[in-house]
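One file, target.cif, carrying mmCIF, C-alpha atoms and all ligand atoms:
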```cif
data_start
loop_
_atom_site.label_atom_id
_atom_site.label_comp_id
_atom_site.auth_asym_id
_atom_site.auth_seq_id
_atom_site.Cartn_x
_atom_site.Cartn_y
_atom_site.Cartn_z
CA MET A 354 45.71 44.42 -45.36
CA THR A 355 46.99 46.43 -48.30
CA SER A 356 49.00 44.87 -51.10
CA ARG A 357 52.67 45.84 -51.28
CA ASN A 358 55.66 45.17 -53.44
CA ALA A 359 57.39 42.97 -50.89
CA PRO A 360 60.51 41.17 -52.12
CA ARG A 361 59.95 37.54 -53.00
CA VAL A 362 61.80 35.43 -50.46
CA PRO A 363 61.84 31.72 -49.65
CA THR A 364 59.00 30.59 -47.38
CA ARG A 365 61.44 28.94 -44.99
CA TRP A 366 63.23 32.25 -44.42
CA ARG A 367 59.95 34.09 -43.87
CA GLN A 368 58.93 31.59 -41.17
CA ALA A 369 62.34 31.58 -39.50
CA ALA A 370 62.68 35.35 -39.48
CA CYS A 371 59.41 35.97 -37.69
CA SER A 372 60.31 33.85 -34.70
CA THR A 373 63.79 35.20 -34.09
CA VAL A 374 64.58 38.62 -35.43
CA PHE A 375 61.76 40.75 -34.19
CA TRP A 376 61.70 40.26 -30.50
CA TYR A 377 61.69 43.78 -29.13
CA ASN A 378 62.05 44.21 -25.44
CA HIS A 379 61.39 47.81 -24.60
CA VAL A 380 61.22 47.26 -20.88
CA ARG A 381 64.18 46.70 -18.59
CA MET A 382 64.16 43.16 -17.29
CA LYS A 383 64.73 44.24 -13.71
CA HIS A 384 61.13 45.43 -13.76
CA ARG A 385 60.01 42.22 -15.35
CA PHE A 386 58.41 40.47 -12.41
CA ARG A 387 56.56 43.55 -11.22
CA THR A 388 55.27 44.45 -14.67
CA VAL A 389 54.19 40.89 -15.42
CA LEU A 390 52.31 40.82 -12.15
CA VAL A 391 50.58 44.14 -12.86
CA LEU A 392 49.78 42.98 -16.37
CA ALA A 393 48.32 39.69 -15.14
CA LEU A 394 46.07 41.53 -12.71
CA LEU A 395 44.91 43.98 -15.36
CA LEU A 396 44.26 41.20 -17.86
CA ALA A 397 42.25 39.29 -15.31
CA ALA A 398 40.09 42.35 -14.69
CA ALA A 399 39.67 43.48 -18.30
CA PRO A 400 37.34 41.83 -20.81
CA LEU A 401 38.81 40.82 -24.19
CA ARG A 402 38.31 43.61 -26.68
CA ALA A 403 37.66 43.36 -30.37
CA ALA A 404 40.50 43.31 -32.90
CA PRO A 405 41.38 46.62 -34.58
CA ASP A 406 38.88 46.94 -37.44
CA ARG A 407 38.86 50.64 -38.28
CA THR A 408 41.42 52.21 -40.57
CA LEU A 409 43.18 55.54 -40.79
CA ASP A 410 45.24 56.20 -43.91
CA SER A 411 48.18 58.47 -44.50
CA LEU A 412 50.68 58.72 -47.34
CA HIS A 413 52.76 55.69 -46.30
CA PHE A 414 50.66 53.91 -43.67
CA THR A 415 47.31 52.36 -42.93
CA VAL A 416 46.69 52.34 -39.19
CA TYR A 417 44.23 49.72 -37.94
CA TYR A 418 42.65 50.67 -34.62
CA GLU A 419 39.69 50.02 -32.37
CA GLY A 420 36.62 52.24 -32.46
CA ASP A 421 37.32 54.51 -29.51
CA ARG A 422 41.04 54.96 -30.18
CA LEU A 423 41.02 57.43 -33.06
CA PHE A 424 43.21 59.92 -31.20
CA GLN A 425 45.82 57.24 -30.49
CA ALA A 426 45.72 56.13 -34.13
CA GLU A 427 46.32 59.71 -35.27
CA THR A 428 49.29 60.07 -32.87
CA VAL A 429 50.81 56.83 -34.15
CA ARG A 430 50.22 57.82 -37.78
CA LEU A 431 51.98 61.14 -37.23
CA SER A 432 54.89 59.48 -35.43
CA ALA A 433 55.16 56.83 -38.17
CA GLU A 434 55.28 59.44 -40.95
CA THR A 435 57.95 61.42 -39.03
CA SER A 436 60.03 58.26 -38.56
CA TYR A 437 59.51 57.33 -42.21
CA ALA A 438 60.93 60.67 -43.41
CA LYS A 439 63.86 60.39 -41.01
CA LEU A 440 64.71 56.84 -42.11
CA ARG A 441 64.42 57.75 -45.79
CA ASP A 442 67.07 60.43 -45.16
CA LEU A 443 69.34 58.17 -43.11
CA LEU A 444 69.15 55.10 -45.31
CA GLY A 445 68.69 56.89 -48.63
CA TRP A 446 65.80 54.63 -49.54
CA ALA A 447 62.18 53.97 -48.56
CA PRO A 448 59.83 51.11 -49.30
CA PRO A 449 57.06 51.71 -51.83
CA GLY A 450 53.42 51.10 -50.92
CA LYS A 451 51.62 51.46 -47.63
CA ILE A 452 52.76 49.79 -44.43
CA PRO A 453 49.99 48.42 -42.17
CA ILE A 454 50.19 49.18 -38.45
CA PHE A 455 47.84 47.30 -36.11
CA LEU A 456 47.11 48.81 -32.70
CA TYR A 457 45.84 46.40 -30.04
CA THR A 458 44.46 47.93 -26.91
CA ASP A 459 44.10 44.46 -25.46
CA ARG A 460 47.36 42.73 -24.52
CA GLU A 461 45.89 39.27 -25.01
CA ALA A 462 44.66 40.10 -28.52
CA PHE A 463 48.14 41.45 -29.35
CA ARG A 464 49.73 38.29 -27.99
CA GLN A 465 47.40 36.00 -29.92
CA SER A 466 47.96 37.94 -33.12
CA THR A 467 51.76 37.91 -32.86
CA GLY A 468 52.47 34.59 -31.13
CA VAL A 469 54.36 36.40 -28.36
CA LYS A 470 54.64 34.24 -25.25
CA ARG A 471 52.89 35.29 -22.08
CA LYS A 472 56.13 35.78 -20.12
CA GLU A 473 57.81 37.87 -22.84
CA LEU A 474 57.46 41.62 -22.49
CA VAL A 475 57.31 42.23 -26.21
CA VAL A 476 55.41 45.38 -27.07
CA GLY A 477 55.94 45.62 -30.83
CA VAL A 478 56.44 43.13 -33.62
CA ALA A 479 57.46 43.69 -37.23
CA THR A 480 56.94 40.71 -39.52
CA SER A 481 58.58 40.20 -42.87
CA ALA A 482 55.88 37.82 -44.10
CA ASP A 483 53.33 40.65 -44.42
CA ASP A 484 55.60 43.67 -43.83
CA ALA A 485 53.29 44.74 -41.02
CA ILE A 486 53.80 46.31 -37.61
CA ARG A 487 51.76 45.15 -34.65
CA ILE A 488 51.83 47.16 -31.45
CA ASP A 489 50.63 46.56 -27.93
CA ALA A 490 48.75 49.85 -27.65
CA ALA A 491 47.62 49.30 -24.07
CA SER A 492 50.48 51.71 -23.19
CA LEU A 493 51.32 49.77 -20.06
CA PHE A 494 55.02 49.56 -20.94
CA ASP A 495 55.62 52.20 -23.55
CA SER A 496 53.63 54.54 -25.74
CA PRO A 497 52.81 53.22 -29.24
CA ASP A 498 54.26 56.31 -30.93
CA ASN A 499 57.63 55.45 -29.33
CA ILE A 500 57.47 51.81 -30.38
CA VAL A 501 56.57 52.46 -34.02
CA GLY A 502 59.94 54.14 -34.82
CA HIS A 503 61.88 51.03 -33.77
CA GLU A 504 59.61 48.61 -35.64
CA LEU A 505 59.68 50.75 -38.77
CA VAL A 506 63.48 50.32 -39.03
CA HIS A 507 62.87 46.55 -39.20
CA ILE A 508 60.35 47.01 -42.03
CA PHE A 509 62.79 49.22 -43.95
CA LEU A 510 65.55 46.62 -43.56
CA PHE A 511 63.31 43.65 -44.52
CA ARG A 512 62.16 45.39 -47.64
CA PHE A 513 65.61 46.69 -48.57
CA LEU A 514 67.59 43.48 -47.97
CA GLY A 515 64.94 40.88 -48.79
CA SER A 516 66.26 37.36 -48.17
CA ASN A 517 69.77 38.78 -47.58
CA ILE A 518 68.49 40.11 -44.24
CA ASN A 519 69.85 36.92 -42.66
CA GLU A 520 73.41 38.09 -43.40
CA LEU A 521 72.87 41.13 -41.21
CA PRO A 522 73.77 40.09 -37.63
CA LEU A 523 70.87 40.51 -35.22
CA TYR A 524 72.90 42.80 -32.96
CA ILE A 525 73.42 45.20 -35.90
CA HIS A 526 69.79 44.86 -37.00
CA GLU A 527 68.42 45.64 -33.52
CA GLY A 528 71.18 48.20 -32.95
CA LEU A 529 70.04 50.08 -36.06
CA ALA A 530 66.41 49.84 -34.87
CA GLN A 531 67.41 51.30 -31.50
CA GLU A 532 69.70 54.00 -32.88
CA ALA A 533 67.48 55.13 -35.77
CA GLY A 534 64.33 54.63 -33.68
CA ASN A 535 63.79 56.69 -30.58
CA ALA A 536 66.02 54.88 -28.08
CA PRO A 537 68.14 57.25 -25.94
CA LYS A 538 71.71 57.24 -27.25
CA ALA A 539 73.75 57.84 -24.09
CA ALA A 540 71.82 55.29 -22.01
CA ALA A 541 73.04 52.34 -24.10
CA LEU A 542 76.71 53.27 -23.68
CA THR A 543 76.26 53.81 -19.93
CA ALA A 544 74.59 50.40 -19.60
CA VAL A 545 77.31 48.64 -21.64
CA ILE A 546 80.11 50.29 -19.64
CA GLY A 547 78.31 49.25 -16.44
CA ALA A 548 78.05 45.65 -17.68
CA TRP A 549 81.72 45.66 -18.75
CA LYS A 550 82.76 46.65 -15.21
CA ASP A 551 80.25 44.36 -13.57
CA ARG A 552 79.56 40.97 -15.15
CA GLY A 553 81.18 41.35 -18.58
CA LEU A 554 79.77 41.68 -22.08
CA ILE A 555 77.99 39.08 -24.20
CA PRO A 556 80.22 37.84 -27.06
CA LEU A 557 78.83 39.33 -30.28
CA SER A 558 78.95 35.89 -31.91
CA ASP A 559 76.38 34.75 -29.29
CA ILE A 560 73.87 37.41 -30.37
CA ARG A 561 74.39 37.14 -34.09
CA ARG A 562 71.25 35.04 -34.65
CA ASP A 563 69.19 35.33 -31.47
CA PHE A 564 69.02 37.35 -28.28
CA PRO A 565 68.96 35.91 -24.77
CA ARG A 566 65.53 35.59 -23.20
CA ASP A 567 66.81 36.01 -19.67
CA ASP A 568 67.85 39.14 -17.75
CA THR A 569 70.67 39.85 -20.20
CA GLY A 570 68.17 40.44 -23.03
CA HIS A 571 68.26 44.22 -22.62
CA LEU A 572 72.08 44.18 -22.63
CA ALA A 573 72.02 42.58 -26.09
CA TYR A 574 70.01 45.57 -27.38
CA ASP A 575 72.36 48.03 -25.67
CA GLN A 576 75.43 46.26 -27.04
CA GLY A 577 73.93 46.27 -30.53
CA GLN A 578 73.23 49.98 -30.31
CA THR A 579 76.78 50.78 -29.17
CA VAL A 580 78.21 48.64 -32.01
CA VAL A 581 76.13 50.72 -34.45
CA GLN A 582 77.37 53.90 -32.72
CA PHE A 583 80.93 52.57 -33.13
CA LEU A 584 80.30 52.14 -36.88
CA LEU A 585 78.64 55.56 -37.14
CA GLU A 586 81.72 57.17 -35.59
CA ARG A 587 83.68 55.72 -38.55
CA GLY A 588 81.89 57.20 -41.53
CA GLY A 589 78.38 58.07 -40.37
CA TRP A 590 75.25 56.95 -42.21
CA PRO A 591 76.84 57.06 -45.69
CA ARG A 592 79.12 54.16 -44.75
CA ILE A 593 76.26 52.26 -43.07
CA ARG A 594 74.33 52.73 -46.34
CA ALA A 595 77.32 51.37 -48.30
CA LEU A 596 77.41 48.33 -46.00
CA LEU A 597 73.68 47.68 -46.48
CA ASN A 598 73.96 48.17 -50.25
CA LEU A 599 76.69 45.53 -50.41
CA LEU A 600 74.62 43.13 -48.29
CA ARG A 601 71.75 43.67 -50.70
CA THR A 602 73.90 42.31 -53.52
CA GLY A 603 74.20 39.02 -51.66
CA VAL A 604 77.76 39.15 -50.26
CA SER A 605 78.52 37.89 -46.77
CA PHE A 606 78.52 40.26 -43.79
CA ASP A 607 82.29 39.86 -43.33
CA THR A 608 82.95 40.68 -46.99
CA ALA A 609 80.68 43.73 -46.87
CA LEU A 610 82.23 44.86 -43.60
CA ARG A 611 85.78 44.47 -44.91
CA GLN A 612 85.00 46.38 -48.09
CA THR A 613 83.37 49.29 -46.27
CA TYR A 614 85.22 49.44 -42.93
CA SER A 615 88.42 47.46 -43.63
CA PHE A 616 87.79 44.97 -40.81
CA ASP A 617 85.80 41.78 -40.38
CA SER A 618 83.34 40.90 -37.60
CA LYS A 619 86.05 39.51 -35.28
CA GLU A 620 88.15 42.64 -35.65
CA LEU A 621 84.99 44.72 -35.22
CA GLU A 622 84.33 43.04 -31.88
CA THR A 623 87.93 43.53 -30.71
CA ALA A 624 87.94 47.22 -31.68
CA TRP A 625 84.46 47.84 -30.24
CA ARG A 626 85.45 46.20 -26.93
CA ALA A 627 88.60 48.35 -26.85
CA THR A 628 86.52 51.54 -27.13
CA ILE A 629 84.18 50.35 -24.38
CA ARG A 630 87.23 49.63 -22.20
CA GLN A 631 88.72 53.06 -22.99
CA ARG A 632 85.46 54.79 -22.15
CA ALA A 633 85.16 52.80 -18.96
CA GLN A 634 88.72 53.69 -17.88
CA PRO A 635 88.07 57.38 -17.06
CA SER A 636 85.33 56.36 -14.69
CA LEU A 637 87.62 53.74 -13.17
CA TRP A 638 90.32 56.39 -12.84
CA ASN A 639 87.75 58.74 -11.35
CA ASP A 640 86.80 56.05 -8.84
CA ALA A 641 90.47 55.52 -8.02
CA ALA A 642 91.11 59.28 -7.84
CA THR A 643 88.10 59.75 -5.56
CA GLY A 644 89.47 56.97 -3.36
CA ALA A 645 92.90 58.62 -3.33
CA VAL A 646 91.45 62.02 -2.44
CA VAL A 647 89.48 60.48 0.40
CA GLY A 648 92.64 58.71 1.55
CA VAL A 649 94.66 61.94 1.47
CA MET A 650 91.90 63.75 3.34
CA VAL A 651 91.84 61.06 6.03
CA LEU A 652 95.63 61.21 6.25
CA ALA A 653 95.56 65.01 6.46
CA LEU A 654 92.90 64.91 9.15
CA GLY A 655 94.95 62.33 11.04
CA LEU A 656 98.13 64.39 10.74
CA GLY A 657 96.23 67.51 11.75
CA TYR A 658 94.87 65.73 14.80
CA LEU A 659 98.31 64.45 15.74
CA GLY A 660 99.80 67.93 15.20
CA LYS A 661 97.15 69.54 17.39
CA ARG A 662 97.61 66.87 20.01
CA LYS A 663 101.36 67.46 20.03
CA LYS A 664 100.81 71.22 20.21
CA ARG A 665 98.40 70.77 23.12
CA GLN A 666 100.89 68.53 24.87
CA ARG A 667 103.66 71.06 24.25
CA LEU A 668 101.52 73.91 25.57
CA ALA A 669 100.50 71.86 28.60
CA ARG A 670 104.14 71.04 29.25
CA GLN A 671 105.06 74.71 28.84
CA GLU A 672 102.30 75.78 31.18
CA ALA A 673 103.40 73.21 33.72
CA GLU A 674 106.99 74.37 33.49
CA GLU A 675 105.93 78.01 33.78
CA ALA A 676 103.77 77.15 36.77
CA VAL A 677 106.68 75.40 38.41
CA GLU A 678 108.91 78.40 37.65
CA GLU A 679 106.26 80.72 39.10
CA MET A 680 105.99 78.57 42.16
CA GLU A 681 109.74 78.69 42.53
CA VAL A 682 109.68 82.50 42.24
CA THR A 683 106.73 83.19 44.49
CA ALA A 684 107.14 80.47 46.99
CA PRO A 685 109.05 81.54 50.11
CA PRO A 686 112.51 80.15 50.52
CA SER A 687 112.66 76.91 52.26
CA TRP A 688 114.62 78.36 55.10
CA TRP A 689 111.82 80.83 55.76
CA LYS A 690 109.32 78.07 55.89
CA GLU A 691 111.46 76.04 58.05
CA ASP A 692 111.90 79.04 60.31
CA GLU A 693 108.32 79.73 60.35
CA TRP A 694 107.56 76.28 61.15
CA LYS A 695 110.03 76.49 63.80
CA VAL A 696 108.51 79.54 65.24
ZN ZN B 701 63.59 45.19 -32.74
#
```
Could you show the structure in this file as structure tokens?
Ligand SMILES: [Zn+2]
Amino acid sequence: MTSRNAPRVPTRWRQAACSTVFWYNHVRMKHRFRTVLVLALLLAAAPLRAAPDRTLDSLHFTVYYEGDRLFQAETVRLSAETSYAKLRDLLGWAPPGKIPIFLYTDREAFRQSTGVKRKELVVGVATSADDAIRIDAASLFDSPDNIVGHELVHIFLFRFLGSNINELPLYIHEGLAQEAGNAPKAAALTAVIGAWKDRGLIPLSDIRRDFPRDDTGHLAYDQGQTVVQFLLERGGWPRIRALLNLLRTGVSFDTALRQTYSFDSKELETAWRATIRQRAQPSLWNDAATGAVVGVMVLALGLGYLGKRKKRQRLARQEAEEAVEEMEVTAPPSWWKEDEWKV
């Protein structure tokens, strides 16, 4: 591992941060059972591979990989450098020194190296203790070059904020990793609007320090990303940078938020929920409008049917009357019949 100018932080924080902040679920939980099953079968069939022991250097990274994965290492290195340049522009800062990235082609070796539990579908881990990124490079759940962008945001934030990282709520931290990483932007909002209409949102205070480990885990990431989008709509990256700069000086999150956005975390939640509700309303109105259109169509069809039925009845009545009239005209007078009959 290369030496870096990591900020000096208390040991207790380093230990606490690793177990809570960096849980990155890149796979939707609804696929959880199936993917765990597939993974278990593959692990049972595959022998344990060696740890990544070869290195590939670039300007800002050292990629550790296994012997036959040079191409994958080169792809990850390229993706990491691209993400690095992008983050340096967005955040206006970049960490000095090289960042180690470990690629594990064996899920079990990745798990043992990171302490990720067997049932957790974690595919990437960024640790503040050694400022390193570890990636499950088996590519069963996601490609490593996708994962590295998200994890790199964590490294940037650890290095920039040092021990003050704990003041940054987890939903903002992961939201920044999603937004500045490669997570699709519209998908998060769609998912949050869906949750708002369906089972409701998770209170932001509940995901300030930790994310749920159940099926709502992915929603916490989506909520975090939409909160970051909410902040970006009010001043873009320059204001996010101002917020992070204030946090770096050691002030509380609420103080930094109030100084940069003129609201605290409670008001942030209220305003963010209001925008989610507003954005959900058009679709609710659309649903209602669609229902109304269907209702009008059914009514129109019903009225049309009734109208046609009445018209048919009227025509039938008319025909009957005309037939009677015709009979009256053409039929011989009764006296003639009577006579005839008499004859
Ligand atoms: Zn993350």
Item to check | Among the residues A:Ile546, A:Ala530, A:Ala536, A:Ile525, the one that comes closest to Glu622 of chain A [using all atoms listed in the file] | outcome: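 Ranking A:Ile546, A:Ala530, A:Ala536, A:Ile525 by distance to Glu622 of chain A, first place goes to A:Ile525.
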If we draw a sphere of 8 Å around (59.5, 49.8, -41.6), which residues have at least one atom in it when counting only C-alpha atoms? Please report them as a PDB file with C-alpha atoms, in the coordinates of the input.
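selection-v4.pdb written:
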```pdb
ATOM      1  CA  TYR A 437      59.510  57.330 -42.210  1.00  0.00           C
ATOM      2  CA  PRO A 448      59.830  51.110 -49.300  1.00  0.00           C
ATOM      3  CA  ILE A 452      52.760  49.790 -44.430  1.00  0.00           C
ATOM      4  CA  ALA A 479      57.460  43.690 -37.230  1.00  0.00           C
ATOM      5  CA  ASP A 484      55.600  43.670 -43.830  1.00  0.00           C
ATOM      6  CA  ILE A 486      53.800  46.310 -37.610  1.00  0.00           C
ATOM      7  CA  GLU A 504      59.610  48.610 -35.640  1.00  0.00           C
ATOM      8  CA  LEU A 505      59.680  50.750 -38.770  1.00  0.00           C
ATOM      9  CA  VAL A 506      63.480  50.320 -39.030  1.00  0.00           C
ATOM     10  CA  HIS A 507      62.870  46.550 -39.200  1.00  0.00           C
ATOM     11  CA  ILE A 508      60.350  47.010 -42.030  1.00  0.00           C
ATOM     12  CA  PHE A 509      62.790  49.220 -43.950  1.00  0.00           C
ATOM     13  CA  LEU A 510      65.550  46.620 -43.560  1.00  0.00           C
ATOM     14  CA  PHE A 511      63.310  43.650 -44.520  1.00  0.00           C
ATOM     15  CA  ARG A 512      62.160  45.390 -47.640  1.00  0.00           C
TER      16      ARG A 512
END
```
Next on the checklist: I'd like to know which of A:Thr467, A:Ser492, A:Thr623, A:Thr435 is closest to Pro556 of chain A, using all atoms listed in the file.
Outcome noted: A:Thr623
Item to check | Among listed residues A:Arg441, A:Arg460, A:Arg407, A:Arg626, nearest Ala426 of chain A (using only C-alpha atoms) | outcome: A:Arg407
Next on the checklist: Nearest residue to ligand ZN 701 (chain B) out of A:Gln582, A:Gln576, A:Gln531, A:Thr628, using all atoms listed in the file?
Outcome noted: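 Result for the nearest residue to ligand ZN 701 (chain B): A:Gln531.
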Next on the checklist: Using only C-alpha atoms, which protein or nucleic acid residues come within 6 Å of Ala490 of chain A? Drop anything in the same chain fewer than 3 positions from it, and give the result as a PyMOL selection string.
Outcome noted: chain A and resi 456-458+497
Item to check | Minimum-distance residue to ligand ZN 701 (chain B), chosen among A:Leu572, A:Ala539, A:Val478, A:Leu585 (using all atoms listed in the file) | outcome: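 Of the candidates, the smallest distance to ligand ZN 701 (chain B) is held by A:Val478.
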Checklist entry - Any idea what the distance is between atom CA of Arg464 of chain A and atom CA of Arg487 of chain A? => result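 These atoms are spaced 9.8 Å apart.
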Checklist entry - Between A:Ser605, A:Asn535, A:Thr428, A:Thr569, which is the closest to ligand ZN 701 (chain B) once you count all atoms listed in the file? => result A:Asn535
Item to check | Computed interatomic separation between atom CA of Gln465 of chain A and atom CA of Pro453 of chain A (Å) | outcome: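 Answer for the atom CA of Gln465 of chain A to atom CA of Pro453 of chain A separation: 17.6 Å.
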